[in-house]
Amino acid sequence: MLIKLENIKKEFSNDEIVTKVLHGISFDIEKGDFVSIMGPSGSGKSTLMHIVGLLDKTTSGKYYLEGRDVTTLDDTELALLRNEKIGFVFQSFNLLAKSTVLENVMLPLVYSTKKGDAEKKARNVLEQVGLKHRIDYMPNQISGGEKQRVAIARALVNEPSVIFADEPTGNLDSKSGIQVMEILQKLNEEGNTIILVTHETFTAEHAKRIIYIRDGLLESDTLVKKRRFAHDGDMLK
């Protein structure tokens, strides 16, 4: 089991006001799965992603990552584990404006124990996402779709256990969005575990499974019977 959540609850306190966001979420994710997390605005899906992505802590409940109870870890331990085990792809790309494409992809390796030949690793993953010809470009010299592909390469370079994609097509046109989903599907077919957070049904249906969150509770957890495949846009079995 790669990820196991047991009765995860999360609340935020502001002076005497307590806001309860997650009310007891439980589910498992196996290695090699491709899961979409959906829910309306305010449902708690982003808070859930932050917890599962080790960006935030639970108020109560247990979270096991590769069998390790991460709810017992302090901030330093969480940061180290996050760097080694998790890759992130965000809607806003989060690229460093004054660094080249290659330098942006190499960044996670700076603090990693998996450094090896950092430049070679970065070049390899950029080739994997079709951007070998853009390695010396600056972020302002490439398109939005290419920026997201750089972000995917950066998420891959540390060979993480799981890749989180938070609304990865949200800032892209339809064609670029389909290209990004095609890359994510291909990575999943190669054995990478992917957790996608989205509010778009079309995007969510590229996954194998959809978890729907409403009002801080798990409303449904279903297999996608007819997945969308980005390379041709058709609904296939």
# chains A, B, ... in the order shown; residues from 1 in each chain; ligands from 1

$ residues_around --residues "Lys9 in chain A" --least-positions-apart "3" --cutoff "6 Å" --atoms "only C-alpha atoms" --output "list in words"
Leu22, His23, Gly24, Thr59 and Ser60 of chain A

$ select_by_dssp --residues "range 82-139 of chain A" --states "helix (DSSP H, G or I)" --output "MDAnalysis selection string"
chainID A and resid 82:85 101:111 118:128 132:134 139

$ closest_residue --among "A:Thr47, A:Thr198, A:Asn140, A:Ser99" --to "Glu167 in chain A" --atoms "only C-alpha atoms"
A:Thr198

$ residues_around --residues "range 77-92 of chain A" --least-positions-apart "2" --cutoff "6 Å" --atoms "only C-alpha atoms" --output "PyMOL selection string"
chain A and resi 73-75+94+151-152+155+160-168+170

$ closest_residue --among "A:Leu2, A:Lys57, A:Glu66, A:Met49" --to "Ile37 in chain A" --atoms "only C-alpha atoms"
A:Met49

$ select_by_dssp --residues "range 17-129 of chain A" --states "strand (DSSP E)" --output "PyMOL selection string"
chain A and resi 17-29+34-38+60-65+68-69+86-90

$ write_last_selection --atoms "N, CA and C atoms" --output "PDB file, in the first residue's frame"
ATOM      1  N   ILE A  17     -12.289  31.436  16.733  1.00  0.00           N
ATOM      2  CA  ILE A  17     -13.093  30.833  15.671  1.00  0.00           C
ATOM      3  C   ILE A  17     -12.400  29.581  15.144  1.00  0.00           C
ATOM      4  N   VAL A  18     -13.092  28.456  15.170  1.00  0.00           N
ATOM      5  CA  VAL A  18     -12.563  27.198  14.663  1.00  0.00           C
ATOM      6  C   VAL A  18     -13.349  26.808  13.410  1.00  0.00           C
ATOM      7  N   THR A  19     -12.624  26.603  12.313  1.00  0.00           N
ATOM      8  CA  THR A  19     -13.246  26.190  11.061  1.00  0.00           C
ATOM      9  C   THR A  19     -12.862  24.752  10.773  1.00  0.00           C
ATOM     10  N   LYS A  20     -13.852  23.888  10.734  1.00  0.00           N
ATOM     11  CA  LYS A  20     -13.599  22.478  10.447  1.00  0.00           C
ATOM     12  C   LYS A  20     -13.713  22.255   8.946  1.00  0.00           C
ATOM     13  N   VAL A  21     -12.650  21.705   8.354  1.00  0.00           N
ATOM     14  CA  VAL A  21     -12.585  21.550   6.895  1.00  0.00           C
ATOM     15  C   VAL A  21     -12.747  20.096   6.468  1.00  0.00           C
ATOM     16  N   LEU A  22     -12.024  19.194   7.105  1.00  0.00           N
ATOM     17  CA  LEU A  22     -12.151  17.769   6.811  1.00  0.00           C
ATOM     18  C   LEU A  22     -12.726  17.069   8.034  1.00  0.00           C
ATOM     19  N   HIS A  23     -13.710  16.199   7.803  1.00  0.00           N
ATOM     20  CA  HIS A  23     -14.468  15.625   8.914  1.00  0.00           C
ATOM     21  C   HIS A  23     -14.282  14.123   9.095  1.00  0.00           C
ATOM     22  N   GLY A  24     -13.186  13.583   8.555  1.00  0.00           N
ATOM     23  CA  GLY A  24     -12.928  12.159   8.705  1.00  0.00           C
ATOM     24  C   GLY A  24     -12.846  11.457   7.361  1.00  0.00           C
ATOM     25  N   ILE A  25     -11.721  11.626   6.679  1.00  0.00           N
ATOM     26  CA  ILE A  25     -11.523  11.067   5.340  1.00  0.00           C
ATOM     27  C   ILE A  25     -10.661   9.810   5.442  1.00  0.00           C
ATOM     28  N   SER A  26     -11.113   8.734   4.809  1.00  0.00           N
ATOM     29  CA  SER A  26     -10.348   7.479   4.788  1.00  0.00           C
ATOM     30  C   SER A  26     -10.357   6.898   3.378  1.00  0.00           C
ATOM     31  N   PHE A  27      -9.188   6.571   2.867  1.00  0.00           N
ATOM     32  CA  PHE A  27      -9.079   5.819   1.614  1.00  0.00           C
ATOM     33  C   PHE A  27      -7.640   5.340   1.451  1.00  0.00           C
ATOM     34  N   ASP A  28      -7.446   4.404   0.518  1.00  0.00           N
ATOM     35  CA  ASP A  28      -6.125   3.861   0.203  1.00  0.00           C
ATOM     36  C   ASP A  28      -5.795   4.144  -1.252  1.00  0.00           C
ATOM     37  N   ILE A  29      -4.509   4.262  -1.535  1.00  0.00           N
ATOM     38  CA  ILE A  29      -4.029   4.386  -2.912  1.00  0.00           C
ATOM     39  C   ILE A  29      -2.875   3.412  -3.099  1.00  0.00           C
ATOM     40  N   PHE A  34      -3.784   5.869 -10.634  1.00  0.00           N
ATOM     41  CA  PHE A  34      -3.968   7.228 -11.161  1.00  0.00           C
ATOM     42  C   PHE A  34      -5.339   7.678 -10.645  1.00  0.00           C
ATOM     43  N   VAL A  35      -5.321   8.577  -9.660  1.00  0.00           N
ATOM     44  CA  VAL A  35      -6.532   8.968  -8.944  1.00  0.00           C
ATOM     45  C   VAL A  35      -6.815  10.447  -9.153  1.00  0.00           C
ATOM     46  N   SER A  36      -8.063  10.777  -9.485  1.00  0.00           N
ATOM     47  CA  SER A  36      -8.510  12.173  -9.513  1.00  0.00           C
ATOM     48  C   SER A  36      -9.281  12.471  -8.238  1.00  0.00           C
ATOM     49  N   ILE A  37      -8.983  13.602  -7.611  1.00  0.00           N
ATOM     50  CA  ILE A  37      -9.749  14.077  -6.463  1.00  0.00           C
ATOM     51  C   ILE A  37     -10.555  15.279  -6.922  1.00  0.00           C
ATOM     52  N   MET A  38     -11.874  15.164  -6.819  1.00  0.00           N
ATOM     53  CA  MET A  38     -12.771  16.224  -7.269  1.00  0.00           C
ATOM     54  C   MET A  38     -13.621  16.732  -6.112  1.00  0.00           C
ATOM     55  N   SER A  60      -6.240  15.436  13.342  1.00  0.00           N
ATOM     56  CA  SER A  60      -6.286  14.089  13.926  1.00  0.00           C
ATOM     57  C   SER A  60      -6.415  13.079  12.800  1.00  0.00           C
ATOM     58  N   GLY A  61      -6.232  11.816  13.133  1.00  0.00           N
ATOM     59  CA  GLY A  61      -6.257  10.752  12.141  1.00  0.00           C
ATOM     60  C   GLY A  61      -4.852  10.299  11.808  1.00  0.00           C
ATOM     61  N   LYS A  62      -4.760   9.257  11.022  1.00  0.00           N
ATOM     62  CA  LYS A  62      -3.470   8.678  10.659  1.00  0.00           C
ATOM     63  C   LYS A  62      -3.258   8.711   9.143  1.00  0.00           C
ATOM     64  N   TYR A  63      -2.026   9.010   8.747  1.00  0.00           N
ATOM     65  CA  TYR A  63      -1.633   8.998   7.344  1.00  0.00           C
ATOM     66  C   TYR A  63      -0.359   8.166   7.224  1.00  0.00           C
ATOM     67  N   TYR A  64      -0.448   7.076   6.466  1.00  0.00           N
ATOM     68  CA  TYR A  64       0.700   6.203   6.246  1.00  0.00           C
ATOM     69  C   TYR A  64       1.171   6.331   4.805  1.00  0.00           C
ATOM     70  N   LEU A  65       2.452   6.639   4.632  1.00  0.00           N
ATOM     71  CA  LEU A  65       3.071   6.717   3.309  1.00  0.00           C
ATOM     72  C   LEU A  65       4.117   5.611   3.226  1.00  0.00           C
ATOM     73  N   ARG A  68       4.781   4.085   6.526  1.00  0.00           N
ATOM     74  CA  ARG A  68       5.325   4.932   7.592  1.00  0.00           C
ATOM     75  C   ARG A  68       4.268   5.935   8.062  1.00  0.00           C
ATOM     76  N   ASP A  69       4.056   6.016   9.359  1.00  0.00           N
ATOM     77  CA  ASP A  69       3.092   6.965   9.920  1.00  0.00           C
ATOM     78  C   ASP A  69       3.706   8.357   9.908  1.00  0.00           C
ATOM     79  N   ILE A  86       7.886  12.889  -3.078  1.00  0.00           N
ATOM     80  CA  ILE A  86       6.738  13.534  -3.716  1.00  0.00           C
ATOM     81  C   ILE A  86       7.178  14.559  -4.753  1.00  0.00           C
ATOM     82  N   GLY A  87       6.532  14.516  -5.909  1.00  0.00           N
ATOM     83  CA  GLY A  87       6.738  15.526  -6.934  1.00  0.00           C
ATOM     84  C   GLY A  87       5.455  16.322  -7.121  1.00  0.00           C
ATOM     85  N   PHE A  88       5.582  17.635  -7.329  1.00  0.00           N
ATOM     86  CA  PHE A  88       4.407  18.504  -7.448  1.00  0.00           C
ATOM     87  C   PHE A  88       4.336  19.177  -8.814  1.00  0.00           C
ATOM     88  N   VAL A  89       3.116  19.247  -9.341  1.00  0.00           N
ATOM     89  CA  VAL A  89       2.837  20.021 -10.551  1.00  0.00           C
ATOM     90  C   VAL A  89       1.673  20.938 -10.210  1.00  0.00           C
ATOM     91  N   PHE A  90       1.905  22.256 -10.260  1.00  0.00           N
ATOM     92  CA  PHE A  90       0.885  23.218  -9.854  1.00  0.00           C
ATOM     93  C   PHE A  90       0.291  23.945 -11.059  1.00  0.00           C
TER      94      PHE A  90
END

$ atom_distance --atom1 "CA of Ser176 in chain A" --atom2 "CA of Leu196 in chain A"
16.7 Å

$ atom_distance --atom1 "CA of Val105 in chain A" --atom2 "CA of Ile142 in chain A"
14.5 Å

$ residues_around --residues "range 183-186 of chain A" --least-positions-apart "2" --cutoff "8 Å" --atoms "only C-alpha atoms" --output "PyMOL selection string"
chain A and resi 129+179-181+188-190+194+206-207+229-230

$ write_last_selection --atoms "N, CA and C atoms" --output "PDB file, in the first residue's frame"
ATOM      1  N   VAL A 129       9.571  14.510 -21.594  1.00  0.00           N
ATOM      2  CA  VAL A 129       8.361  15.324 -21.803  1.00  0.00           C
ATOM      3  C   VAL A 129       8.431  16.145 -23.095  1.00  0.00           C
ATOM      4  N   GLN A 179      -2.272  17.780 -24.220  1.00  0.00           N
ATOM      5  CA  GLN A 179      -0.876  17.323 -24.266  1.00  0.00           C
ATOM      6  C   GLN A 179      -0.361  17.006 -22.864  1.00  0.00           C
ATOM      7  N   VAL A 180      -0.715  17.839 -21.895  1.00  0.00           N
ATOM      8  CA  VAL A 180      -0.287  17.603 -20.512  1.00  0.00           C
ATOM      9  C   VAL A 180      -0.912  16.315 -19.979  1.00  0.00           C
ATOM     10  N   MET A 181      -2.202  16.107 -20.247  1.00  0.00           N
ATOM     11  CA  MET A 181      -2.852  14.888 -19.773  1.00  0.00           C
ATOM     12  C   MET A 181      -2.277  13.651 -20.456  1.00  0.00           C
ATOM     13  N   ASN A 188       1.914   7.370 -16.021  1.00  0.00           N
ATOM     14  CA  ASN A 188       1.208   6.368 -15.227  1.00  0.00           C
ATOM     15  C   ASN A 188       1.360   4.976 -15.844  1.00  0.00           C
ATOM     16  N   GLU A 189       1.277   4.900 -17.158  1.00  0.00           N
ATOM     17  CA  GLU A 189       1.457   3.618 -17.840  1.00  0.00           C
ATOM     18  C   GLU A 189       2.855   3.059 -17.613  1.00  0.00           C
ATOM     19  N   GLU A 190       3.818   3.948 -17.348  1.00  0.00           N
ATOM     20  CA  GLU A 190       5.194   3.522 -17.079  1.00  0.00           C
ATOM     21  C   GLU A 190       5.409   3.167 -15.614  1.00  0.00           C
ATOM     22  N   ILE A 194      -0.015   8.707  -9.726  1.00  0.00           N
ATOM     23  CA  ILE A 194      -0.390  10.105  -9.935  1.00  0.00           C
ATOM     24  C   ILE A 194      -1.685  10.405  -9.206  1.00  0.00           C
ATOM     25  N   HIS A 206      -9.534  11.197 -17.181  1.00  0.00           N
ATOM     26  CA  HIS A 206      -8.305  10.608 -17.703  1.00  0.00           C
ATOM     27  C   HIS A 206      -7.683   9.653 -16.680  1.00  0.00           C
ATOM     28  N   ALA A 207      -8.116   9.723 -15.443  1.00  0.00           N
ATOM     29  CA  ALA A 207      -7.601   8.862 -14.383  1.00  0.00           C
ATOM     30  C   ALA A 207      -8.300   7.510 -14.394  1.00  0.00           C
ATOM     31  N   PHE A 229      -8.785   9.155 -23.131  1.00  0.00           N
ATOM     32  CA  PHE A 229      -7.384   9.025 -23.482  1.00  0.00           C
ATOM     33  C   PHE A 229      -6.955  10.260 -24.257  1.00  0.00           C
ATOM     34  N   ALA A 230      -5.963  10.946 -23.719  1.00  0.00           N
ATOM     35  CA  ALA A 230      -5.601  12.259 -24.231  1.00  0.00           C
ATOM     36  C   ALA A 230      -5.089  12.223 -25.666  1.00  0.00           C
TER      37      ALA A 230
END

$ closest_residue --among "A:Asn171, A:Gly53, A:Ala153, A:Asp33" --to "Lys208 in chain A" --atoms "only C-alpha atoms"
A:Asp33

$ atom_distance --atom1 "CA of Leu5 in chain A" --atom2 "CA of Leu54 in chain A"
12.7 Å

$ residues_around --residues "Gly44 in chain A" --least-positions-apart "4" --cutoff "8 Å" --atoms "only C-alpha atoms" --output "PyMOL selection string"
chain A and resi 21-22+39+48+213-216

$ write_last_selection --atoms "C-alpha atoms" --output "short mmCIF file (atom, residue, chain, number, x, y, z; two decimals), in the first residue's frame"
data_model
loop_
_atom_site.label_atom_id
_atom_site.label_comp_id
_atom_site.auth_asym_id
_atom_site.auth_seq_id
_atom_site.Cartn_x
_atom_site.Cartn_y
_atom_site.Cartn_z
CA VAL A 21 -12.59 21.55 6.89
CA LEU A 22 -12.15 17.77 6.81
CA GLY A 39 -15.14 18.45 -5.34
CA LEU A 48 -6.66 17.16 1.56
CA ILE A 213 -15.12 15.22 -1.73
CA ARG A 214 -18.06 17.32 -0.57
CA ASP A 215 -18.30 19.38 2.65
CA GLY A 216 -15.16 17.76 4.05
#

$ closest_residue --among "A:Gly130, A:Lys120, A:Val150, A:Lys45" --to "Tyr212 in chain A" --atoms "only C-alpha atoms"
A:Lys45

$ closest_residue --among "A:Glu6, A:Glu103, A:Glu119, A:Glu205" --to "Met138 in chain A" --atoms "only C-alpha atoms"
A:Glu103

$ closest_residue --among "A:Gly177, A:Leu223, A:Leu217, A:Pro108" --to "Phe202 in chain A" --atoms "only C-alpha atoms"
A:Gly177
